[in-house]
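K.L.:
Got a structure for you, questions after.
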Amino acid sequence: MANPLKLYLTCVRNTLEAALCLQNFPCQEVERHNKPEVELKTSPELLLNPVLICRNEAEKCLIETSINSLRISLKVKQADELENILAKKFLRFLSMRAEAFQVLRRKPVQGYDISFLITNYHCEEMQKQKLIDFIVQFMEDIDKEISELKMSVSTRGRLVASEFLKQFL
Amino acid sequence: MAGTEKLVEADHAEAIITRIEHKSRKIESLLKQNKPVEALKTALEGSPPMTRDERCKSANWIVVHRALMAIKDVEGMFSSLDPEYYDILMKYLYRGLSTGDRPTCDQCLRIHEKLTERAGLGCILRSLADTVNTLFPIIRVSCLAFLLGIIGADNQPKTYVEFTQA
């Protein structure tokens, strides 16, 4: 049986490949403005159906597309309280530096941990395949990162505790 | 004018629900005879196309869900399923993926991969772009419904018979 993580990532990759068909579309309401329609949601004819892909009860991925932009929101697996805190801090760290990532959104969508906003300008400057590879790689690596952080926290805690308690031996 | 339209739609909805009930019984019998692919075909066939009634959509989803979960051999299923059903199957797969229930999602992810290989990205794009015939109930903001949703129990009916008795 194929690895469920791999199936989930394949599904997200295929959906992104299909959904990342963006073109320039100036704002219909205000002249000389160009806004990402997926954020404003003013005209229903410019929006496609949002798609929610759940791997299980804890992890999910929401992909909303419009004519000139696409928003991907991820909820990462958080098994216990410690992972919850680590994930929140780590993803906040990344979101704060959203300028460097270009496709990252500064605030995640309500109910999710991190969001990406890809516009037609990003598709023009960067290769579509590479953008999709980046997102899927991110999803793969985030789990590893958080487990590594958790392990380093428990290792440090153990070292500190053993050093401290040595004096009572 | 609006009143008569609502009546017409209500009758139509009742007719659709009765049809779905018949379909559900047929599917149960097909599953007992170990024919999951035929069951899935029957489930996908009479999908109500342009109904806005949420009960019809949910009822049909339950029926399709039952048929989907009974499928064990995905490759074999595709060899006998006609291409005209690919689009509607893709829409139901996305509905299944949005539920969040682990076995449903596992099954839907498996079928999704094979379906994309077969039908290509166009199938996915058609299910994204079709805003007219959606399978998802339209969320009308209403305080009462919202509150009921928070307090309400989370048991999803497993078969259509339970749905009608609930």
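As shown in the structure tokens, the chain order sets the letters A, B, ...; within each chain, residues go from 1, and ligands are also counted from 1 in the order they appear.
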Please find the residues of chain A near chain B - the criterion being any atom within 8 Å, counting only C-alpha atoms - and write them as a PDB file with N, CA and C atoms, in the first residue's frame.
P.N.:
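Dumped everything to result_3.pdb:
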ATOM      1  N   PRO A   4       0.611   6.886   2.794  1.00  0.00           N
ATOM      2  CA  PRO A   4      -0.481   7.871   2.761  1.00  0.00           C
ATOM      3  C   PRO A   4       0.006   9.302   2.607  1.00  0.00           C
ATOM      4  N   LEU A   7       0.566   9.916  -1.032  1.00  0.00           N
ATOM      5  CA  LEU A   7      -0.701  10.071  -1.762  1.00  0.00           C
ATOM      6  C   LEU A   7      -1.270  11.465  -1.563  1.00  0.00           C
ATOM      7  N   TYR A   8      -1.202  11.924  -0.296  1.00  0.00           N
ATOM      8  CA  TYR A   8      -1.722  13.263   0.035  1.00  0.00           C
ATOM      9  C   TYR A   8      -0.971  14.325  -0.745  1.00  0.00           C
ATOM     10  N   THR A  10       0.733  13.924  -3.529  1.00  0.00           N
ATOM     11  CA  THR A  10       0.439  13.801  -4.960  1.00  0.00           C
ATOM     12  C   THR A  10      -0.887  14.475  -5.279  1.00  0.00           C
ATOM     13  N   CYS A  11      -1.866  14.253  -4.413  1.00  0.00           N
ATOM     14  CA  CYS A  11      -3.183  14.865  -4.644  1.00  0.00           C
ATOM     15  C   CYS A  11      -3.071  16.378  -4.650  1.00  0.00           C
ATOM     16  N   ASN A  14      -1.267  17.560  -7.846  1.00  0.00           N
ATOM     17  CA  ASN A  14      -2.114  17.532  -9.050  1.00  0.00           C
ATOM     18  C   ASN A  14      -3.144  18.654  -9.033  1.00  0.00           C
ATOM     19  N   THR A  15      -3.741  18.873  -7.848  1.00  0.00           N
ATOM     20  CA  THR A  15      -4.737  19.933  -7.763  1.00  0.00           C
ATOM     21  C   THR A  15      -4.100  21.285  -8.017  1.00  0.00           C
ATOM     22  N   GLU A  17      -1.406  21.893  -9.821  1.00  0.00           N
ATOM     23  CA  GLU A  17      -1.066  22.003 -11.246  1.00  0.00           C
ATOM     24  C   GLU A  17      -2.282  22.406 -12.056  1.00  0.00           C
ATOM     25  N   ALA A  18      -3.437  21.845 -11.685  1.00  0.00           N
ATOM     26  CA  ALA A  18      -4.650  22.201 -12.420  1.00  0.00           C
ATOM     27  C   ALA A  18      -5.115  23.596 -12.068  1.00  0.00           C
ATOM     28  N   ALA A  19      -4.961  23.986 -10.796  1.00  0.00           N
ATOM     29  CA  ALA A  19      -5.542  25.253 -10.350  1.00  0.00           C
ATOM     30  C   ALA A  19      -4.659  26.455 -10.647  1.00  0.00           C
ATOM     31  N   LEU A  48     -13.209  30.270  -8.477  1.00  0.00           N
ATOM     32  CA  LEU A  48     -13.503  28.856  -8.703  1.00  0.00           C
ATOM     33  C   LEU A  48     -13.905  28.231  -7.378  1.00  0.00           C
ATOM     34  N   ASN A  49     -14.364  26.984  -7.436  1.00  0.00           N
ATOM     35  CA  ASN A  49     -14.753  26.296  -6.205  1.00  0.00           C
ATOM     36  C   ASN A  49     -13.543  26.078  -5.316  1.00  0.00           C
ATOM     37  N   PRO A  50     -13.645  26.414  -4.032  1.00  0.00           N
ATOM     38  CA  PRO A  50     -12.530  26.093  -3.133  1.00  0.00           C
ATOM     39  C   PRO A  50     -12.511  24.596  -2.860  1.00  0.00           C
ATOM     40  N   VAL A  51     -11.303  24.082  -2.680  1.00  0.00           N
ATOM     41  CA  VAL A  51     -11.144  22.636  -2.529  1.00  0.00           C
ATOM     42  C   VAL A  51     -10.434  22.364  -1.213  1.00  0.00           C
ATOM     43  N   LEU A  52     -11.008  21.464  -0.412  1.00  0.00           N
ATOM     44  CA  LEU A  52     -10.410  21.124   0.870  1.00  0.00           C
ATOM     45  C   LEU A  52      -9.925  19.690   0.803  1.00  0.00           C
ATOM     46  N   ILE A  53      -8.622  19.486   1.000  1.00  0.00           N
ATOM     47  CA  ILE A  53      -8.050  18.139   0.936  1.00  0.00           C
ATOM     48  C   ILE A  53      -7.576  17.783   2.331  1.00  0.00           C
ATOM     49  N   CYS A  54      -8.239  16.817   2.950  1.00  0.00           N
ATOM     50  CA  CYS A  54      -7.859  16.406   4.302  1.00  0.00           C
ATOM     51  C   CYS A  54      -7.098  15.114   4.241  1.00  0.00           C
ATOM     52  N   ARG A  55      -6.006  15.050   5.009  1.00  0.00           N
ATOM     53  CA  ARG A  55      -5.302  13.776   5.083  1.00  0.00           C
ATOM     54  C   ARG A  55      -5.911  12.943   6.198  1.00  0.00           C
ATOM     55  N   ASN A  56      -6.202  13.610   7.319  1.00  0.00           N
ATOM     56  CA  ASN A  56      -6.897  12.956   8.419  1.00  0.00           C
ATOM     57  C   ASN A  56      -7.568  14.078   9.204  1.00  0.00           C
ATOM     58  N   GLU A  57      -7.963  13.795  10.453  1.00  0.00           N
ATOM     59  CA  GLU A  57      -8.703  14.819  11.177  1.00  0.00           C
ATOM     60  C   GLU A  57      -7.839  16.039  11.464  1.00  0.00           C
ATOM     61  N   LYS A  60      -4.941  19.299   7.044  1.00  0.00           N
ATOM     62  CA  LYS A  60      -5.738  19.592   5.863  1.00  0.00           C
ATOM     63  C   LYS A  60      -5.114  20.728   5.081  1.00  0.00           C
TER      64      LYS A  60
END
K.L.:
Which of segment 9-162 of chain A end up as strand (DSSP E) when DSSP is run on this backbone - answer as an NGL selection string?
P.N.:
:A and (51-54 or 60-65 or 69-75 or 114-119)
K.L.:
Fewer than 6 positions away in the same chain doesn't count, so skip those; otherwise give me all residues within 10 Å of Ala98 of chain A, counting only C-alpha atoms, as an NGL selection string.
P.N.:
:A and (92 or 104-107 or 116)
K.L.:
Residues within 9 Å of Thr42 of chain B, please, as a list in words. Count only C-alpha atoms; anything in the same chain fewer than 5 positions from it doesn't count.
P.N.:
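Listed by chain and then number, they are Lys23, Lys26, Ile27, Val37 and Val64 of chain B.
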K.L.:
Those selected residues, please, written with C-alpha atoms and delivered as a compact mmCIF listing (two decimals), in the first residue's frame.
P.N.:
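out.txt, freshly written:
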# COMPACT_ATOMS: atom_id res chain seq x y z
CA LYS B 23 -31.03 3.79 -5.90
CA LYS B 26 -30.37 -1.22 -5.56
CA ILE B 27 -26.84 -0.39 -4.49
CA VAL B 37 -18.11 -1.26 -9.66
CA VAL B 64 -22.02 7.45 -3.37
K.L.:
Applying 12 Å and only C-alpha atoms, which residues near Glu45 of chain B remain after dropping the ones on its own chain fewer than 4 positions away? List them as a list in words.
P.N.:
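So, after excluding close chain neighbours, the residues are Arg19, Ile20, Lys23, Ile27, Glu38, Ala39, Leu40, Lys41, Pro49, Asn60, Val63, Val64, Leu81, Asp82, Glu84, Tyr85, Tyr86, Asp87, Ile88 and Leu89 of chain B.
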K.L.:
Would you export the selected residues with N, CA, C and O atoms as a short mmCIF file (atom, residue, chain, number, x, y, z; two decimals), in the first residue's frame, please?
P.N.:
data_model
loop_
_atom_site.label_atom_id
_atom_site.label_comp_id
_atom_site.auth_asym_id
_atom_site.auth_seq_id
_atom_site.Cartn_x
_atom_site.Cartn_y
_atom_site.Cartn_z
N ARG B 19 -36.20 8.89 -5.59
CA ARG B 19 -35.34 8.20 -6.55
C ARG B 19 -34.05 7.75 -5.90
O ARG B 19 -33.55 6.64 -6.16
N ILE B 20 -33.50 8.62 -5.03
CA ILE B 20 -32.25 8.28 -4.36
C ILE B 20 -32.47 7.09 -3.43
O ILE B 20 -31.60 6.22 -3.30
N LYS B 23 -32.41 4.05 -5.50
CA LYS B 23 -31.03 3.79 -5.90
C LYS B 23 -30.26 3.14 -4.76
O LYS B 23 -29.48 2.21 -4.95
N ILE B 27 -28.27 -0.33 -4.75
CA ILE B 27 -26.84 -0.39 -4.49
C ILE B 27 -26.53 -1.39 -3.39
O ILE B 27 -25.56 -2.15 -3.47
N GLU B 38 -20.38 -1.92 -10.31
CA GLU B 38 -21.75 -1.62 -10.78
C GLU B 38 -22.44 -0.70 -9.79
O GLU B 38 -23.18 0.21 -10.18
N ALA B 39 -22.19 -0.97 -8.49
CA ALA B 39 -22.82 -0.14 -7.46
C ALA B 39 -22.39 1.31 -7.62
O ALA B 39 -23.21 2.23 -7.56
N LEU B 40 -21.10 1.51 -7.86
CA LEU B 40 -20.60 2.88 -8.03
C LEU B 40 -21.21 3.52 -9.27
O LEU B 40 -21.61 4.69 -9.24
N LYS B 41 -21.33 2.75 -10.35
CA LYS B 41 -21.92 3.29 -11.58
C LYS B 41 -23.35 3.74 -11.33
O LYS B 41 -23.76 4.83 -11.74
N PRO B 49 -28.53 16.86 -11.16
CA PRO B 49 -27.65 17.88 -11.72
C PRO B 49 -27.88 19.28 -11.16
O PRO B 49 -27.00 19.86 -10.57
N ASN B 60 -27.55 12.07 -1.87
CA ASN B 60 -26.80 11.43 -2.92
C ASN B 60 -25.37 11.15 -2.50
O ASN B 60 -24.79 10.13 -2.85
N VAL B 63 -25.08 7.97 -0.50
CA VAL B 63 -25.17 6.79 -1.35
C VAL B 63 -23.85 6.54 -2.07
O VAL B 63 -23.32 5.41 -2.09
N VAL B 64 -23.28 7.61 -2.63
CA VAL B 64 -22.02 7.45 -3.37
C VAL B 64 -20.89 7.04 -2.41
O VAL B 64 -20.03 6.23 -2.75
N LEU B 81 -15.06 1.34 -15.75
CA LEU B 81 -15.88 2.55 -15.61
C LEU B 81 -15.78 3.40 -16.87
O LEU B 81 -14.69 3.59 -17.41
N ASP B 82 -16.94 3.89 -17.36
CA ASP B 82 -16.91 4.69 -18.59
C ASP B 82 -16.33 6.07 -18.31
O ASP B 82 -16.54 6.63 -17.25
N GLU B 84 -17.32 8.89 -19.18
CA GLU B 84 -18.27 9.97 -18.91
C GLU B 84 -18.51 10.15 -17.41
O GLU B 84 -18.98 11.19 -16.98
N TYR B 85 -18.16 9.15 -16.61
CA TYR B 85 -18.37 9.26 -15.17
C TYR B 85 -17.19 9.89 -14.44
O TYR B 85 -17.26 10.13 -13.26
N TYR B 86 -16.06 10.12 -15.19
CA TYR B 86 -14.86 10.59 -14.51
C TYR B 86 -15.08 11.93 -13.84
O TYR B 86 -14.66 12.15 -12.71
N ASP B 87 -15.75 12.86 -14.55
CA ASP B 87 -15.92 14.21 -14.00
C ASP B 87 -16.73 14.19 -12.72
O ASP B 87 -16.36 14.81 -11.72
N ILE B 88 -17.85 13.47 -12.76
CA ILE B 88 -18.72 13.47 -11.58
C ILE B 88 -18.04 12.72 -10.42
O ILE B 88 -18.16 13.09 -9.26
N LEU B 89 -17.24 11.70 -10.78
CA LEU B 89 -16.50 10.98 -9.74
C LEU B 89 -15.49 11.90 -9.07
O LEU B 89 -15.32 11.88 -7.84
#
K.L.:
For Arg71 of chain A, work out the shell of residues within 12 Å, counting only C-alpha atoms and skipping chain neighbours fewer than 6 positions away, then give it as a PyMOL selection string.
P.N.:
chain A and resi 16+19-20+22+36-41+47-48+50-52+61-65+103-105+107-109+114-120+135
K.L.:
I'd like the neighbourhood of Leu82 of chain A as a PDB file with N, CA, C and O atoms, in the first residue's frame, where a residue qualifies if any of its atoms comes within 12 Å (using only C-alpha atoms), though same-chain residues fewer than 3 positions away should be ignored.
P.N.:
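What landed in around_18.pdb:
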ATOM      1  N   LYS A  77       0.141  18.908  11.301  1.00  0.00           N
ATOM      2  CA  LYS A  77      -0.206  17.957  12.355  1.00  0.00           C
ATOM      3  C   LYS A  77       0.377  18.425  13.679  1.00  0.00           C
ATOM      4  O   LYS A  77       1.546  18.766  13.759  1.00  0.00           O
ATOM      5  N   GLN A  78      -0.456  18.476  14.706  1.00  0.00           N
ATOM      6  CA  GLN A  78       0.027  18.859  16.032  1.00  0.00           C
ATOM      7  C   GLN A  78      -0.480  17.837  17.025  1.00  0.00           C
ATOM      8  O   GLN A  78      -1.627  17.864  17.428  1.00  0.00           O
ATOM      9  N   ALA A  79       0.432  16.924  17.393  1.00  0.00           N
ATOM     10  CA  ALA A  79      -0.016  15.781  18.192  1.00  0.00           C
ATOM     11  C   ALA A  79      -0.283  16.164  19.638  1.00  0.00           C
ATOM     12  O   ALA A  79      -1.259  15.726  20.219  1.00  0.00           O
ATOM     13  N   ILE A  85       2.754  24.397  20.426  1.00  0.00           N
ATOM     14  CA  ILE A  85       3.498  25.635  20.679  1.00  0.00           C
ATOM     15  C   ILE A  85       4.631  25.780  19.679  1.00  0.00           C
ATOM     16  O   ILE A  85       4.856  26.857  19.112  1.00  0.00           O
ATOM     17  N   LEU A  86       5.359  24.688  19.435  1.00  0.00           N
ATOM     18  CA  LEU A  86       6.500  24.758  18.514  1.00  0.00           C
ATOM     19  C   LEU A  86       6.038  25.151  17.113  1.00  0.00           C
ATOM     20  O   LEU A  86       6.648  26.007  16.464  1.00  0.00           O
ATOM     21  N   ALA A  87       4.947  24.524  16.658  1.00  0.00           N
ATOM     22  CA  ALA A  87       4.452  24.810  15.307  1.00  0.00           C
ATOM     23  C   ALA A  87       4.050  26.275  15.200  1.00  0.00           C
ATOM     24  O   ALA A  87       4.379  26.960  14.230  1.00  0.00           O
ATOM     25  N   LYS A  88       3.341  26.744  16.237  1.00  0.00           N
ATOM     26  CA  LYS A  88       2.874  28.130  16.203  1.00  0.00           C
ATOM     27  C   LYS A  88       4.054  29.091  16.126  1.00  0.00           C
ATOM     28  O   LYS A  88       4.087  30.002  15.287  1.00  0.00           O
ATOM     29  N   LYS A  89       5.068  28.854  16.977  1.00  0.00           N
ATOM     30  CA  LYS A  89       6.206  29.768  17.002  1.00  0.00           C
ATOM     31  C   LYS A  89       6.982  29.724  15.695  1.00  0.00           C
ATOM     32  O   LYS A  89       7.339  30.754  15.122  1.00  0.00           O
ATOM     33  N   ILE A 146       9.355  20.163  12.619  1.00  0.00           N
ATOM     34  CA  ILE A 146       8.718  20.230  13.930  1.00  0.00           C
ATOM     35  C   ILE A 146       9.129  19.037  14.792  1.00  0.00           C
ATOM     36  O   ILE A 146       9.341  19.191  16.003  1.00  0.00           O
ATOM     37  N   SER A 147       9.285  17.857  14.192  1.00  0.00           N
ATOM     38  CA  SER A 147       9.741  16.719  15.011  1.00  0.00           C
ATOM     39  C   SER A 147      11.169  16.947  15.481  1.00  0.00           C
ATOM     40  O   SER A 147      11.515  16.616  16.612  1.00  0.00           O
ATOM     41  N   LEU A 149      12.597  19.869  16.076  1.00  0.00           N
ATOM     42  CA  LEU A 149      12.522  20.859  17.148  1.00  0.00           C
ATOM     43  C   LEU A 149      12.082  20.204  18.448  1.00  0.00           C
ATOM     44  O   LEU A 149      12.655  20.456  19.517  1.00  0.00           O
ATOM     45  N   LYS A 150      11.073  19.340  18.333  1.00  0.00           N
ATOM     46  CA  LYS A 150      10.559  18.677  19.535  1.00  0.00           C
ATOM     47  C   LYS A 150      11.643  17.810  20.167  1.00  0.00           C
ATOM     48  O   LYS A 150      11.829  17.812  21.385  1.00  0.00           O
ATOM     49  N   MET A 151      12.396  17.105  19.301  1.00  0.00           N
ATOM     50  CA  MET A 151      13.438  16.237  19.828  1.00  0.00           C
ATOM     51  C   MET A 151      14.522  17.066  20.503  1.00  0.00           C
ATOM     52  O   MET A 151      15.016  16.706  21.581  1.00  0.00           O
ATOM     53  N   SER A 152      14.885  18.199  19.891  1.00  0.00           N
ATOM     54  CA  SER A 152      15.943  18.998  20.498  1.00  0.00           C
ATOM     55  C   SER A 152      15.477  19.586  21.819  1.00  0.00           C
ATOM     56  O   SER A 152      16.261  19.696  22.769  1.00  0.00           O
ATOM     57  N   VAL A 153      14.183  19.948  21.906  1.00  0.00           N
ATOM     58  CA  VAL A 153      13.667  20.475  23.173  1.00  0.00           C
ATOM     59  C   VAL A 153      13.740  19.409  24.249  1.00  0.00           C
ATOM     60  O   VAL A 153      14.201  19.659  25.375  1.00  0.00           O
ATOM     61  N   SER A 154      13.328  18.181  23.939  1.00  0.00           N
ATOM     62  CA  SER A 154      13.349  17.136  24.975  1.00  0.00           C
ATOM     63  C   SER A 154      14.767  16.740  25.331  1.00  0.00           C
ATOM     64  O   SER A 154      15.058  16.465  26.496  1.00  0.00           O
TER      65      SER A 154
END
K.L.:
If I take atom CA of Lys144 of chain A and atom CA of Val160 of chain A, how far is one from the other in Å, to one decimal?
P.N.:
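So the answer is 24.2 Å.
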K.L.:
Have a look at atom CA of Leu46 of chain A and atom CA of Gln127 of chain A and let me know their distance in Å, one decimal.
P.N.:
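Answer for the atom CA of Leu46 of chain A to atom CA of Gln127 of chain A separation: 23.4 Å.
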K.L.:
Calculate how many Å separate atom CA of Gln102 of chain A from atom CA of Cys123 of chain A, rounding to one decimal.
P.N.:
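Taking atom CA of Gln102 of chain A as the start and atom CA of Cys123 of chain A as the end point, the length is 11.6 Å.
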